[in-house]
Amino acid sequence: MPREDIHAIRDFTKDRAEALTDGIFATVMTILVLSLVVPVITSGNVDQLLSDDLLGLFPNVLTYAMSFLVLGTLWIGHNNIFRYLEKAGRKVQWINLMFLLSIGFIPFTTALLGRYPLDHVAVLVYGINLLGVAIIYNLFWAYALLEKLAHKEVDKKWFKTSLKRGSVGILVYMGGILFSFINPEISLLFYVFMPIYYIVTGILLHG
């Protein structure tokens, strides 16, 4: 097979992986909002009851916003990975599928945390989900760096910096999981910290 055809196949494979990923992210980010159920009031003081019900939705709104920001930063990071990859072989495809599998659980764990925001089990499950996402996300960077899959003009230091940023996520989510056994409120602070950290460091690194 001509060399040009081989490169065309590689590019096509990479494009399909990115298209699938964008579709999954769009679906998951849309499903997230379904955890916010509009209150139904059939009788009584509608204004008062509606205010109370909306106030009760506050934990759901916070977890929705937090998870949406987490997904947003992951989508941007995934885009950066594939933008700098020269090729996406079978192993990269499987890592990508495992990444999407972990992403697919986020609407469920978000709804669980919104319903039971200070419950140990809910906080633990949410943390395990995010930890799994962070580990697989880091596998992308580590595998691409070790196998030298990036375009030759891409600085390896940039990949190493991104790998270090991802490692912070793993450590923070592990801390959140551990504190869920002691004080779930502290765990939530750990979880809130990560999207803020990714957003701020991303702006500082890339502008």
# chains A, B, ... in the order shown; residues from 1 in each chain; ligands from 1
>>> residues_around(residues="A:Ala134", least_positions_apart="6", cutoff="7 Å", atoms="only C-alpha atoms", output="PyMOL selection string")
chain A and resi 166+169-170
>>> closest_residue(among="A:Leu85, A:Val200, A:Leu205, A:Val192", to="A:Ser162", atoms="only C-alpha atoms")
A:Leu205
>>> closest_residue(among="A:Asn129, A:Thr27, A:Ser167, A:Asn60", to="A:Ala142", atoms="only C-alpha atoms")
A:Ser167
>>> atom_distance(atom1="atom CA of A:Gly44", atom2="atom CA of A:Ala111")
28.2 Å
>>> closest_residue(among="A:Met29, A:Leu100, A:Ile41, A:Leu171", to="A:Ala17", atoms="only C-alpha atoms")
A:Leu100
>>> closest_residue(among="A:Thr73, A:Leu101, A:Gly89, A:Tyr64", to="A:Leu20", atoms="only C-alpha atoms")
A:Leu101
>>> residues_around(residues="A:Val125", least_positions_apart="4", cutoff="10 Å", atoms="only C-alpha atoms", output="ChimeraX atom specification")
/A:108-110,112-113,120-121,129-131,177,180
>>> closest_residue(among="A:Ile128, A:Val70, A:Ile106, A:Ile76", to="A:Phe193", atoms="only C-alpha atoms")
A:Val70
>>> residues_around(residues="A:Gly23", least_positions_apart="5", cutoff="12 Å", atoms="only C-alpha atoms", output="number ranges by chain")
A: 16-18, 28-30, 75, 100, 103-104
>>> atom_distance(atom1="atom CA of A:Phe179", atom2="atom CA of A:Met98")
26.5 Å
>>> closest_residue(among="A:Leu124, A:Leu57, A:Ala65, A:Trp141", to="A:Tyr84", atoms="only C-alpha atoms")
A:Trp141
>>> residues_around(residues="A:Met194", least_positions_apart="5", cutoff="9 Å", atoms="only C-alpha atoms", output="MDAnalysis selection string")
chainID A and resid 70 168:169 172:173 189 199
